[in-house]
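A.B. asks: Supplied structure: target-v5.txt, compact mmCIF, C-alpha atoms and all ligand atoms.
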```txt
# COMPACT_ATOMS: atom_id res chain seq x y z
CA MET A 1 4.76 -17.53 5.87
CA ASN A 2 8.09 -15.80 6.42
CA SER A 3 10.16 -18.07 4.18
CA SER A 4 12.30 -16.44 1.55
CA LYS A 5 10.50 -15.10 -1.51
CA LYS A 6 11.41 -12.98 -4.51
CA ILE A 7 8.62 -10.48 -5.02
CA LEU A 8 8.09 -8.15 -7.96
CA VAL A 9 6.31 -4.95 -6.88
CA THR A 10 5.24 -2.82 -9.84
CA GLY A 11 4.70 0.92 -9.36
CA GLY A 12 6.73 0.87 -6.15
CA ALA A 13 7.93 4.45 -6.64
CA GLY A 14 4.38 5.80 -6.60
CA PHE A 15 2.22 6.82 -3.68
CA ILE A 16 0.79 3.51 -2.43
CA GLY A 17 3.54 1.35 -3.93
CA SER A 18 6.26 3.17 -1.99
CA HIS A 19 4.43 2.52 1.29
CA VAL A 20 4.00 -1.15 0.34
CA VAL A 21 7.68 -1.54 -0.60
CA LYS A 22 8.88 0.09 2.64
CA ARG A 23 6.56 -2.06 4.75
CA PHE A 24 7.67 -5.32 3.09
CA ILE A 25 11.37 -4.41 3.21
CA LYS A 26 11.15 -3.67 6.93
CA ASN A 27 8.84 -6.49 8.00
CA TYR A 28 10.27 -9.31 5.88
CA PRO A 29 14.07 -9.38 5.76
CA ASN A 30 13.76 -12.82 4.11
CA TYR A 31 11.92 -11.43 1.13
CA HIS A 32 13.74 -9.81 -1.75
CA ILE A 33 11.72 -6.96 -3.22
CA VAL A 34 12.31 -5.94 -6.82
CA ASN A 35 10.61 -2.63 -7.48
CA LEU A 36 9.79 -2.13 -11.15
CA ASP A 37 8.75 1.40 -12.01
CA ALA A 38 8.82 3.50 -15.19
CA LEU A 39 9.23 6.68 -13.11
CA THR A 40 6.45 8.54 -14.88
CA TYR A 41 5.47 11.98 -13.50
CA ALA A 42 3.92 10.06 -10.55
CA GLY A 43 6.93 7.90 -9.70
CA ASN A 44 9.61 9.32 -7.47
CA LEU A 45 12.59 7.50 -5.98
CA GLU A 46 12.72 10.10 -3.20
CA ASN A 47 9.70 8.25 -1.76
CA LEU A 48 11.98 5.28 -1.07
CA LYS A 49 15.05 7.01 0.34
CA GLU A 50 14.86 5.30 3.73
CA ILE A 51 15.18 1.78 2.24
CA GLU A 52 17.11 2.37 -0.99
CA SER A 53 20.29 0.76 0.30
CA ALA A 54 18.59 -2.19 2.04
CA SER A 55 20.18 -5.51 1.08
CA ASN A 56 16.79 -7.05 0.27
CA TYR A 57 15.81 -4.29 -2.19
CA THR A 58 16.49 -3.79 -5.91
CA PHE A 59 15.12 -1.08 -8.17
CA GLU A 60 14.54 -1.76 -11.88
CA LYS A 61 13.53 1.14 -14.10
CA GLY A 62 11.24 -0.13 -16.83
CA ASP A 63 7.85 0.02 -18.46
CA ILE A 64 5.16 -2.65 -18.09
CA ASN A 65 4.21 -1.84 -21.69
CA ASN A 66 7.58 -3.13 -22.89
CA VAL A 67 6.98 -6.85 -23.49
CA ASP A 68 10.62 -7.87 -24.03
CA PHE A 69 11.75 -6.04 -20.93
CA ILE A 70 9.05 -7.67 -18.79
CA ASN A 71 9.76 -11.17 -20.11
CA ASN A 72 13.49 -10.74 -19.48
CA LEU A 73 12.84 -9.44 -15.99
CA PHE A 74 10.89 -12.59 -15.10
CA LYS A 75 13.74 -14.72 -16.52
CA LYS A 76 16.36 -12.71 -14.62
CA TYR A 77 14.71 -12.95 -11.20
CA ASN A 78 12.47 -16.00 -11.26
CA PHE A 79 9.85 -14.29 -9.08
CA ASP A 80 7.66 -16.13 -6.57
CA ALA A 81 5.04 -13.41 -6.46
CA VAL A 82 3.90 -10.17 -8.04
CA ILE A 83 2.18 -7.27 -6.30
CA HIS A 84 0.91 -5.16 -9.18
CA LEU A 85 0.30 -1.48 -8.48
CA ALA A 86 1.75 0.27 -11.55
CA ALA A 87 -0.96 2.26 -13.24
CA GLU A 88 -2.03 5.59 -14.58
CA SER A 89 -4.04 6.41 -11.49
CA HIS A 90 -5.70 9.79 -11.97
CA VAL A 91 -9.29 10.10 -13.22
CA ASP A 92 -8.84 13.64 -14.57
CA ARG A 93 -5.78 12.67 -16.63
CA SER A 94 -7.68 9.69 -18.02
CA ILE A 95 -10.40 12.11 -19.15
CA LEU A 96 -7.93 14.54 -20.74
CA GLY A 97 -6.25 11.67 -22.65
CA PRO A 98 -7.47 8.10 -22.17
CA ARG A 99 -4.98 6.26 -24.41
CA LYS A 100 -2.09 6.13 -21.95
CA THR A 101 -4.43 4.98 -19.17
CA ILE A 102 -5.81 2.18 -21.32
CA GLU A 103 -2.38 1.06 -22.53
CA THR A 104 -0.75 0.93 -19.12
CA ASN A 105 -3.65 -0.27 -17.02
CA ILE A 106 -5.04 -2.90 -19.40
CA VAL A 107 -2.28 -3.95 -21.81
CA GLY A 108 0.44 -3.47 -19.19
CA THR A 109 -1.44 -5.78 -16.82
CA LEU A 110 -1.87 -8.34 -19.60
CA ASN A 111 1.89 -8.22 -20.29
CA LEU A 112 2.59 -9.05 -16.64
CA LEU A 113 -0.01 -11.85 -16.60
CA ILE A 114 1.50 -13.44 -19.71
CA ALA A 115 5.02 -13.19 -18.29
CA ALA A 116 3.95 -14.64 -14.92
CA GLN A 117 2.03 -17.47 -16.57
CA ASN A 118 5.00 -18.36 -18.81
CA SER A 119 7.42 -18.19 -15.95
CA TRP A 120 5.31 -20.26 -13.53
CA LYS A 121 3.54 -22.78 -15.78
CA ASP A 122 5.82 -25.71 -14.88
CA ASN A 123 5.76 -25.02 -11.16
CA ILE A 124 2.76 -22.96 -10.09
CA GLU A 125 2.85 -24.14 -6.45
CA GLY A 126 3.16 -21.26 -3.99
CA LYS A 127 3.11 -18.54 -6.67
CA LEU A 128 0.88 -15.46 -6.48
CA PHE A 129 -0.22 -12.63 -8.76
CA TYR A 130 -1.77 -9.96 -6.51
CA HIS A 131 -3.57 -7.21 -8.40
CA VAL A 132 -4.23 -3.93 -6.58
CA SER A 133 -7.42 -2.27 -7.76
CA THR A 134 -9.97 0.35 -6.87
CA ASP A 135 -13.57 0.62 -5.68
CA GLU A 136 -14.23 2.85 -8.70
CA VAL A 137 -14.83 -0.28 -10.83
CA TYR A 138 -18.25 -0.62 -9.12
CA GLY A 139 -19.51 2.72 -10.46
CA SER A 140 -21.53 5.25 -8.50
CA LEU A 141 -23.83 4.81 -5.49
CA GLY A 142 -26.92 6.81 -4.57
CA ASP A 143 -27.43 8.13 -1.04
CA THR A 144 -27.54 4.65 0.48
CA GLY A 145 -25.91 1.24 0.07
CA PHE A 146 -22.34 -0.02 -0.10
CA PHE A 147 -20.08 -1.77 -2.57
CA VAL A 148 -19.64 -5.46 -1.73
CA GLU A 149 -17.39 -7.89 -3.58
CA GLU A 150 -20.39 -9.14 -5.61
CA THR A 151 -21.52 -5.66 -6.74
CA PRO A 152 -21.66 -5.74 -10.56
CA TYR A 153 -18.98 -3.68 -12.26
CA ASP A 154 -20.24 -0.38 -13.71
CA PRO A 155 -17.22 1.85 -14.41
CA ARG A 156 -17.87 5.33 -15.77
CA SER A 157 -14.48 7.00 -16.41
CA PRO A 158 -11.66 5.83 -18.70
CA TYR A 159 -9.63 5.23 -15.52
CA SER A 160 -12.24 3.07 -13.78
CA ALA A 161 -13.05 1.28 -17.06
CA SER A 162 -9.36 0.43 -17.46
CA LYS A 163 -9.11 -0.87 -13.88
CA ALA A 164 -12.30 -2.90 -14.38
CA ALA A 165 -10.88 -4.43 -17.55
CA SER A 166 -7.63 -5.31 -15.79
CA ASP A 167 -9.55 -6.95 -12.90
CA HIS A 168 -11.48 -9.05 -15.43
CA LEU A 169 -8.24 -10.11 -17.13
CA VAL A 170 -6.66 -11.12 -13.83
CA ARG A 171 -9.76 -13.16 -12.95
CA ALA A 172 -9.74 -14.70 -16.44
CA TYR A 173 -6.19 -15.93 -15.79
CA TRP A 174 -7.40 -17.62 -12.60
CA HIS A 175 -10.29 -19.38 -14.34
CA THR A 176 -8.58 -20.15 -17.65
CA TYR A 177 -4.97 -20.87 -16.72
CA ASP A 178 -5.21 -21.60 -12.96
CA LEU A 179 -2.88 -18.67 -12.29
CA PRO A 180 -3.02 -18.11 -8.50
CA ILE A 181 -4.41 -14.61 -8.12
CA LEU A 182 -5.78 -12.21 -5.54
CA ILE A 183 -7.51 -8.88 -6.16
CA SER A 184 -8.29 -6.09 -3.73
CA ASN A 185 -10.49 -3.10 -4.45
CA CYS A 186 -9.75 -0.16 -2.20
CA SER A 187 -11.40 3.18 -1.54
CA ASN A 188 -9.68 6.60 -1.81
CA ASN A 189 -6.30 6.76 -0.08
CA TYR A 190 -4.63 9.72 1.60
CA GLY A 191 -1.30 10.21 3.34
CA SER A 192 2.34 11.10 2.75
CA PHE A 193 3.96 10.96 -0.71
CA GLN A 194 0.71 11.33 -2.67
CA PHE A 195 1.11 13.28 -5.88
CA PRO A 196 -0.55 16.70 -5.48
CA GLU A 197 -3.00 16.27 -8.34
CA LYS A 198 -5.31 14.30 -6.01
CA LEU A 199 -7.75 16.18 -3.78
CA ILE A 200 -6.09 16.13 -0.36
CA PRO A 201 -2.42 16.92 -1.22
CA LEU A 202 -3.53 19.42 -3.89
CA PHE A 203 -5.69 21.32 -1.42
CA ILE A 204 -2.99 21.26 1.31
CA HIS A 205 -0.55 22.67 -1.26
CA ASN A 206 -3.02 25.35 -2.37
CA VAL A 207 -4.04 26.39 1.14
CA LYS A 208 -0.38 26.72 2.09
CA ASN A 209 0.22 28.94 -0.95
CA ASN A 210 -3.05 30.88 -0.62
CA LYS A 211 -4.25 29.55 -3.97
CA GLU A 212 -7.88 28.86 -4.91
CA LEU A 213 -9.37 25.50 -3.94
CA PRO A 214 -11.20 24.26 -7.08
CA VAL A 215 -14.22 22.28 -5.83
CA TYR A 216 -15.90 20.36 -8.67
CA GLY A 217 -19.66 20.82 -9.10
CA ASP A 218 -21.70 21.24 -5.92
CA GLY A 219 -19.00 19.64 -3.74
CA LYS A 220 -21.47 17.08 -2.42
CA TYR A 221 -19.70 14.09 -3.95
CA THR A 222 -18.85 11.46 -1.36
CA ARG A 223 -15.68 9.38 -0.97
CA ASP A 224 -14.63 6.78 1.63
CA TRP A 225 -11.12 7.76 2.78
CA LEU A 226 -8.46 5.34 4.01
CA TRP A 227 -5.00 6.17 5.35
CA VAL A 228 -2.38 4.83 2.93
CA GLU A 229 -0.51 2.95 5.68
CA ASP A 230 -3.74 1.09 6.41
CA HIS A 231 -4.06 0.20 2.73
CA ALA A 232 -0.47 -1.11 2.80
CA SER A 233 -1.22 -3.15 5.92
CA ALA A 234 -4.36 -4.57 4.28
CA ILE A 235 -2.28 -5.55 1.22
CA GLU A 236 0.24 -7.22 3.55
CA THR A 237 -2.60 -9.17 5.22
CA ILE A 238 -4.28 -10.22 1.97
CA PHE A 239 -0.93 -11.17 0.41
CA HIS A 240 -0.23 -13.60 3.26
CA LYS A 241 -3.70 -14.79 4.24
CA GLY A 242 -6.00 -14.23 1.24
CA LYS A 243 -7.75 -17.22 -0.31
CA MET A 244 -6.60 -17.84 -3.88
CA GLY A 245 -8.91 -16.52 -6.59
CA GLU A 246 -10.73 -14.23 -4.15
CA THR A 247 -11.45 -10.52 -4.17
CA TYR A 248 -11.38 -8.37 -1.02
CA ASN A 249 -12.82 -4.89 -0.63
CA ILE A 250 -10.71 -2.53 1.50
CA GLY A 251 -12.25 0.60 3.00
CA GLY A 252 -12.05 2.99 5.88
CA ASN A 253 -15.72 3.03 6.85
CA ASN A 254 -15.13 6.75 6.63
CA GLU A 255 -17.41 8.61 4.23
CA TRP A 256 -17.01 12.32 3.66
CA LYS A 257 -18.77 14.72 1.32
CA ASN A 258 -15.96 16.60 -0.44
CA ILE A 259 -17.10 19.97 0.90
CA ASP A 260 -17.20 18.74 4.52
CA LEU A 261 -13.73 17.24 4.16
CA ILE A 262 -12.45 20.49 2.61
CA HIS A 263 -13.90 22.50 5.51
CA LEU A 264 -12.16 20.18 8.00
CA LEU A 265 -8.90 20.48 6.06
CA CYS A 266 -9.14 24.30 5.90
CA ASP A 267 -9.96 24.61 9.62
CA SER A 268 -7.14 22.25 10.63
CA MET A 269 -4.71 24.21 8.49
CA ASP A 270 -5.85 27.55 9.97
CA GLU A 271 -5.06 26.10 13.39
CA ILE A 272 -1.70 24.63 12.39
CA LEU A 273 -0.61 27.72 10.42
CA GLY A 274 -1.92 30.17 13.06
CA ARG A 275 -4.34 31.80 10.61
CA ASN A 276 -7.62 33.42 11.64
CA PRO A 277 -10.43 30.85 11.94
CA GLY A 278 -12.24 30.64 8.58
CA ALA A 279 -9.40 32.27 6.60
CA SER A 280 -8.61 29.23 4.43
CA ARG A 281 -12.29 28.53 3.65
CA GLU A 282 -12.26 31.82 1.72
CA LEU A 283 -10.09 30.09 -0.89
CA ILE A 284 -12.90 27.66 -1.83
CA THR A 285 -14.04 28.19 -5.42
CA PHE A 286 -16.74 26.08 -7.03
CA VAL A 287 -15.68 25.18 -10.58
CA LYS A 288 -17.11 23.25 -13.54
CA ASP A 289 -17.81 19.64 -12.64
CA ARG A 290 -15.74 16.66 -13.71
CA PRO A 291 -17.52 14.92 -16.63
CA GLY A 292 -19.11 11.62 -15.56
CA HIS A 293 -18.33 12.43 -11.92
CA ASP A 294 -19.29 9.47 -9.69
CA ARG A 295 -21.59 10.72 -6.93
CA ARG A 296 -20.71 8.41 -4.08
CA TYR A 297 -18.33 5.58 -3.25
CA ALA A 298 -18.67 3.54 -0.04
CA ILE A 299 -17.03 0.23 0.73
CA ASP A 300 -18.38 -2.64 2.79
CA ALA A 301 -15.19 -4.29 4.04
CA THR A 302 -16.92 -6.93 6.19
CA LYS A 303 -15.35 -9.83 4.28
CA LEU A 304 -11.84 -8.58 5.01
CA LYS A 305 -12.71 -8.08 8.67
CA ASN A 306 -14.46 -11.42 9.16
CA ASP A 307 -12.22 -13.64 7.04
CA LEU A 308 -8.79 -12.06 7.55
CA ASN A 309 -9.29 -10.06 10.73
CA TRP A 310 -8.18 -6.75 9.24
CA GLU A 311 -9.43 -3.29 10.26
CA PRO A 312 -8.14 0.27 9.75
CA SER A 313 -5.91 1.53 12.57
CA ILE A 314 -6.52 5.27 12.88
CA THR A 315 -9.32 7.82 12.76
CA PHE A 316 -9.61 10.17 9.81
CA GLU A 317 -9.23 13.29 11.96
CA LYS A 318 -5.90 12.02 13.30
CA GLY A 319 -4.72 10.75 9.91
CA LEU A 320 -5.60 14.01 8.18
CA LYS A 321 -3.76 16.10 10.78
CA ASN A 322 -0.65 13.89 10.45
CA THR A 323 -0.90 14.15 6.69
CA ILE A 324 -1.14 17.96 6.73
CA GLN A 325 1.87 18.10 9.07
CA TRP A 326 3.83 15.81 6.74
CA TYR A 327 3.23 18.00 3.67
CA LEU A 328 4.10 21.15 5.60
CA GLU A 329 7.32 19.58 6.89
CA ASN A 330 8.28 18.20 3.48
CA GLU A 331 8.09 21.35 1.40
CA GLU A 332 11.08 20.31 -0.67
CA TRP A 333 9.37 17.07 -1.76
CA LEU A 334 6.26 19.00 -2.72
CA ASP A 335 8.24 21.69 -4.57
CA ASN A 336 10.22 19.06 -6.49
CA VAL A 337 7.17 17.18 -7.70
CA THR A 338 5.15 20.29 -8.56
CA SER A 339 7.71 21.68 -10.99
CA GLY A 340 8.06 20.86 -14.69
CA GLU A 341 5.51 18.56 -16.28
CA TYR A 342 3.03 18.95 -13.44
CA LYS A 343 2.75 22.71 -13.99
CA LYS A 344 1.62 22.13 -17.59
CA TYR A 345 -0.96 19.55 -16.49
CA TYR A 346 -2.32 21.90 -13.81
CA GLU A 347 -2.78 24.76 -16.26
CA LYS A 348 -4.59 22.53 -18.77
CA GLN A 349 -6.79 20.83 -16.19
CA TYR A 350 -8.02 23.98 -14.46
CA GLU A 351 -7.91 26.58 -17.26
CA GLY A 352 -11.31 28.20 -17.84
CA ARG A 353 -13.11 26.17 -15.13
P1 LIG B 1 0.52 6.63 -8.43
O1 LIG B 1 0.05 7.33 -9.67
O2 LIG B 1 0.96 7.45 -7.26
O3 LIG B 1 1.71 5.63 -8.77
C1 LIG B 1 1.72 4.84 -9.93
C2 LIG B 1 3.15 4.33 -10.11
O4 LIG B 1 3.16 3.50 -11.28
C3 LIG B 1 4.17 5.45 -10.37
O5 LIG B 1 5.33 5.23 -9.61
C4 LIG B 1 4.47 5.34 -11.85
O6 LIG B 1 5.78 5.76 -12.19
C5 LIG B 1 4.26 3.85 -12.10
N1 LIG B 1 3.91 3.57 -13.49
C6 LIG B 1 2.95 4.20 -14.24
N2 LIG B 1 2.95 3.68 -15.48
C7 LIG B 1 3.89 2.70 -15.50
C8 LIG B 1 4.34 1.81 -16.50
N3 LIG B 1 3.83 1.83 -17.74
N4 LIG B 1 5.32 0.92 -16.20
C9 LIG B 1 5.86 0.90 -14.94
N5 LIG B 1 5.49 1.75 -13.97
C10 LIG B 1 4.50 2.63 -14.25
O7 LIG B 1 -0.69 5.67 -8.04
P2 LIG B 1 -1.19 5.19 -6.60
O8 LIG B 1 -2.19 6.15 -6.11
O9 LIG B 1 -0.04 4.84 -5.78
O10 LIG B 1 -1.99 3.88 -7.02
C11 LIG B 1 -1.33 2.61 -7.08
C12 LIG B 1 -2.33 1.55 -7.48
O11 LIG B 1 -3.39 1.51 -6.52
C13 LIG B 1 -2.99 1.80 -8.83
O12 LIG B 1 -3.11 0.57 -9.49
C14 LIG B 1 -4.36 2.37 -8.48
O13 LIG B 1 -5.30 2.06 -9.46
C15 LIG B 1 -4.64 1.67 -7.17
N6 LIG B 1 -5.52 2.40 -6.23
C16 LIG B 1 -5.26 3.69 -5.89
C17 LIG B 1 -6.08 4.34 -4.98
C18 LIG B 1 -5.82 5.76 -4.54
O14 LIG B 1 -6.62 6.34 -3.80
N7 LIG B 1 -4.71 6.37 -4.92
C19 LIG B 1 -7.17 3.67 -4.41
C20 LIG B 1 -7.40 2.33 -4.78
C21 LIG B 1 -6.57 1.71 -5.69
P1 LIG B 2 -9.52 12.53 -6.52
O1 LIG B 2 -8.55 12.79 -5.44
O2 LIG B 2 -9.16 12.90 -7.92
O3 LIG B 2 -9.92 10.98 -6.42
P2 LIG B 2 -11.09 10.15 -7.21
O4 LIG B 2 -11.53 10.90 -8.38
O5 LIG B 2 -10.32 8.92 -7.59
O6 LIG B 2 -12.16 9.90 -6.20
O7 LIG B 2 -10.88 13.28 -6.18
C1 LIG B 2 -11.57 13.05 -4.97
C2 LIG B 2 -12.86 13.85 -5.04
O8 LIG B 2 -12.54 15.26 -5.03
C3 LIG B 2 -13.67 13.61 -6.30
O9 LIG B 2 -15.05 13.67 -5.99
C4 LIG B 2 -13.29 14.77 -7.20
C5 LIG B 2 -13.06 15.91 -6.21
N1 LIG B 2 -12.05 16.92 -6.63
C6 LIG B 2 -12.38 18.28 -6.62
O10 LIG B 2 -13.51 18.67 -6.24
N2 LIG B 2 -11.43 19.19 -7.01
C7 LIG B 2 -10.19 18.81 -7.43
O11 LIG B 2 -9.37 19.69 -7.81
C8 LIG B 2 -9.85 17.41 -7.43
C9 LIG B 2 -8.50 16.95 -7.89
C10 LIG B 2 -10.83 16.51 -7.02
```
Let me see the structure of the file written as C-alpha cells.
C.D. replies:
Amino acid sequence: MNSSKKILVTGGAGFIGSHVVKRFIKNYPNYHIVNLDALTYAGNLENLKEIESASNYTFEKGDINNVDFINNLFKKYNFDAVIHLAAESHVDRSILGPRKTIETNIVGTLNLLIAAQNSWKDNIEGKLFYHVSTDEVYGSLGDTGFFVEETPYDPRSPYSASKAASDHLVRAYWHTYDLPILISNCSNNYGSFQFPEKLIPLFIHNVKNNKELPVYGDGKYTRDWLWVEDHASAIETIFHKGKMGETYNIGGNNEWKNIDLIHLLCDSMDEILGRNPGASRELITFVKDRPGHDRRYAIDATKLKNDLNWEPSITFEKGLKNTIQWYLENEEWLDNVTSGEYKKYYEKQYEGR
C-alpha cells in the first residue's frame, strides 16, 4: 500500500485539495505528489506553505481545460494515480455565470479522463482515477430520508448539474474503457483555508467586521457538515481501500438548519471575542433566496463505515470552535483572499438582496 507512486492531485491549492495534498505529503514519503492548479480566485499557494519545499512535492500551474498542457503533463510524469478535485465549486457563482462551471467541471474532467486513458491503456494494472464529488448531485430531500449511493441523480443548480455530469463521465470510463475509477460524494465541508464566499468562513469574516449576515430565504435550509480534515482522511481511506468502480458517500451525520448553525456561530464568536451575549445575532439579515435552493442534504455514509471502517473524528461544536479560532488567528490570509476580484463578486452577488 505504501509503495512508491506518482500521484496527480488537481485543485490542490484550493480548500479541500490543500488539506489532501498536505496529508499525503506527510503520511506517504514514498509518494510523489504533483499538484496541478490553475490558481483561480479560489486557489492559493499560501494554503500549502508548510509543505512547499518537501522533496516529494511538485507544483504545476496549469488549466485542466488546456488539452495540450494536460496531455504533456501525463507524458512528463507518467502518473500512477489521479485525485481530481479541481472545479468551480461555488453554487452562487455557477448561477451568476454557468459557462465557466460547465467548462471546468465537465470538459476539464473529460480532458483528464482522456489523458489518463491514453497514458495507461497499455498498462492499466494498479492505476487509479479518483474523482472527488459532492452530495449535491442527488438533488434535494424533504424533511426525512438520506442520500445513499443508489439515490438517483437529480441536480438542480448549474454547479450540481456539472458535478453530476462529471460523475457520469467518470463512471462511463469505468464501464466503457475499464479505466480503474473511484468516486466519492461528500456533504458540505468546513474548516481552515476555505474561501470566504461559502457560508461558514463568510459569516465568521462578517461577524468579525460587524457586517450583515445575509441569510437566504427563511434560513431553514439544512446541510450536513463535515470537518475538512475528516473529508481528507476519508479520501485517504477510499484511495487506498476503495473497491474499483465503486462510489462512496462521505458525511458527518451532522445536520444543521442554516439558522441554527448561524446562531451557534454568532454565540461562539460573542464568547471568543468577549462581546455581549446576543450581540452578533443582531447582524442576521434575511435576504432574497438563492434560485433553485436545495432544501435539505443529508448523507447516509453506512457503506463507508461498514466496508472501509471510516468515521468522522470530531464533533461539530469542537470543529466549529477550532475553525473560528483559525480564521481569527489568520487575519492576513483572510485579508489577502478578500481583496481584488473577490470584492467585485461580493458586490454583485449581494447587491439589492
Ligand atoms: P475550491 O473552490 O476551494 O478549490 C478549487 C481549486 O481548483 C482551486 O485551487 C482552483 O484554483 C482550482 N481550479 C479551478 N478551476 C481549475 C482549472 N480549470 N484547472 C486547474 N485548476 C482549477 O473547491 P473545494 O471546496 O476545495 O472543492 C474541491 C472539490 O471537492 C470540488 O471538486 C468540489 O466539487 C468537491 N466538493 C466540495 C465540497 C465543499 O463543501 N467544499 C463538498 C463536496 C465536494
Ligand atoms: P454554501 O456554503 O454556499 O454551500 P452549498 O450551497 O454548497 O450548500 O451554502 C450553505 C448554505 O448556506 C446554503 O443553504 C446556502 C446558505 N447561504 C446563505 O444563507 N447565505 C450566504 O451568504 C451563503 C453563501 C450561503
A.B. asks: Here's a test: counting only C-alpha atoms, identify every protein, DNA and RNA residue with an atom at most 8 Å from (1.7, 8.9, -3.6) in the file's coordinate frame, and state them as a ChimeraX atom specification.
C.D. replies: /A:14-18,42,191-195
A.B. asks: How would you write, as a ChimeraX atom specification, the set of residues no farther than 9 Å from ligand LIG 2 (chain B) when counting only C-alpha atoms and all ligand atoms?
C.D. replies: /A:89-92,134,136,159-160,187-190,196-203,213-224,257-259,286-287,289-290,293-297,349-350
A.B. asks: For Asp122 in chain A, please output as a PyMOL selection string all residues within 12 Å (counting all atoms listed in the file; exclusion window: fewer than 3 positions along the same chain).
C.D. replies: chain A and resi 116-119+125+127+177-179
A.B. asks: Counting all atoms listed in the file, figure out which residue out of A:Tyr327, A:Tyr345, A:Tyr130, A:Trp225 gets nearest to Thr10 in chain A.
C.D. replies: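 So, comparing all the options, the nearest one is A:Tyr130.
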A.B. asks: What lies within 10 Å of Ala161 in chain A using all atoms listed in the file, ignoring chain neighbours under 2 positions off, as a list of chain:residue names?
C.D. replies: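 Contacts, with the query itself left out: A:Thr101, A:Ile102, A:Asn105, A:Ile106, A:Glu136, A:Val137, A:Tyr138, A:Gly139, A:Tyr153, A:Asp154, A:Pro155, A:Arg156, A:Ser157, A:Pro158, A:Tyr159, A:Lys163, A:Ala164, A:Ala165, A:Ser166, A:Asp167.
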A.B. asks: Which one is closest to ligand LIG 1 (chain B): A:Asn30, A:Asn123, A:Ser233, A:Asn249? Count all atoms listed in the file.
C.D. replies: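 Between A:Asn30, A:Asn123, A:Ser233, A:Asn249, the residue approaching ligand LIG 1 (chain B) most closely is A:Asn249.
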A.B. asks: So which one's closest to Asn35 in chain A, A:Ala298, A:Ile124, A:Ile7, A:Ile70? Using only C-alpha atoms, please.
C.D. replies: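 For Asn35 in chain A, the nearest of the given residues is A:Ile7.
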A.B. asks: Do you know which residues are at most 9 Å from Leu48 in chain A counting only C-alpha atoms, after dropping those on the same chain fewer than 4 positions away, and could you put them as a ChimeraX atom specification?
C.D. replies: /A:12-13,18-19,21-22,44,52
A.B. asks: Do you have the CA of Ile314 in chain A-CA of Asp230 in chain A distance handy?
C.D. replies: 8.2 Å
A.B. asks: Taking only C-alpha atoms and all ligand atoms into account, name the residue in A:Ser94, A:Asn27, A:Thr302, A:Ser55 that is nearest to ligand LIG 1 (chain B).
C.D. replies: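 Of the candidates, the smallest distance to ligand LIG 1 (chain B) is held by A:Ser94.
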A.B. asks: Find the residue from A:Asn78, A:Thr109, A:Asn185, A:Ser280 that sits nearest to ligand LIG 1 (chain B); use all atoms listed in the file when measuring.
C.D. replies: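 Between A:Asn78, A:Thr109, A:Asn185, A:Ser280, the residue approaching ligand LIG 1 (chain B) most closely is A:Asn185.
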A.B. asks: Name the closest residue to Asn306 in chain A among the candidates A:Asn276, A:Tyr248, A:His32, A:Asp143; distances are taken between atoms, counting only C-alpha atoms.
C.D. replies: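 Counting only C-alpha atoms, the residue closest to Asn306 in chain A is A:Tyr248.
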A.B. asks: Between CA of Gln325 in chain A and CA of Asp270 in chain A, what is the distance in Å, rounded to a tenth?
C.D. replies: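 The value is 12.2 Å.
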A.B. asks: How far is it from CA of Ala87 in chain A to CA of Gly43 in chain A, in Å with one decimal?
C.D. replies: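 Value for the CA of Ala87 in chain A-CA of Gly43 in chain A distance: 10.3 Å.
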A.B. asks: Please tell me which residues are no farther than 8 Å from (-3.0, -12.0, -6.3) in the file, counting only C-alpha atoms, and write them as a ChimeraX atom specification.
C.D. replies: /A:82-83,128-131,180-183,239,244-245
A.B. asks: If the box runs along x, y and z of the file and leaves 6 Å on each side of ligand LIG 1 (chain B), what are its centre and edge lengths in Å, one decimal, as lines of an AutoDock Vina configuration file?
C.D. replies:
```
center_x = -0.8
center_y = 4.0
center_z = -10.8
size_x = 25.3
size_y = 18.9
size_z = 25.9
```
A.B. asks: May I have the residues within 10 Å of Val67 in chain A as a PyMOL selection string, using all atoms listed in the file and disregarding those fewer than 3 positions away in the same chain?
C.D. replies: chain A and resi 63-64+70-73+107-108+110-112+114-115
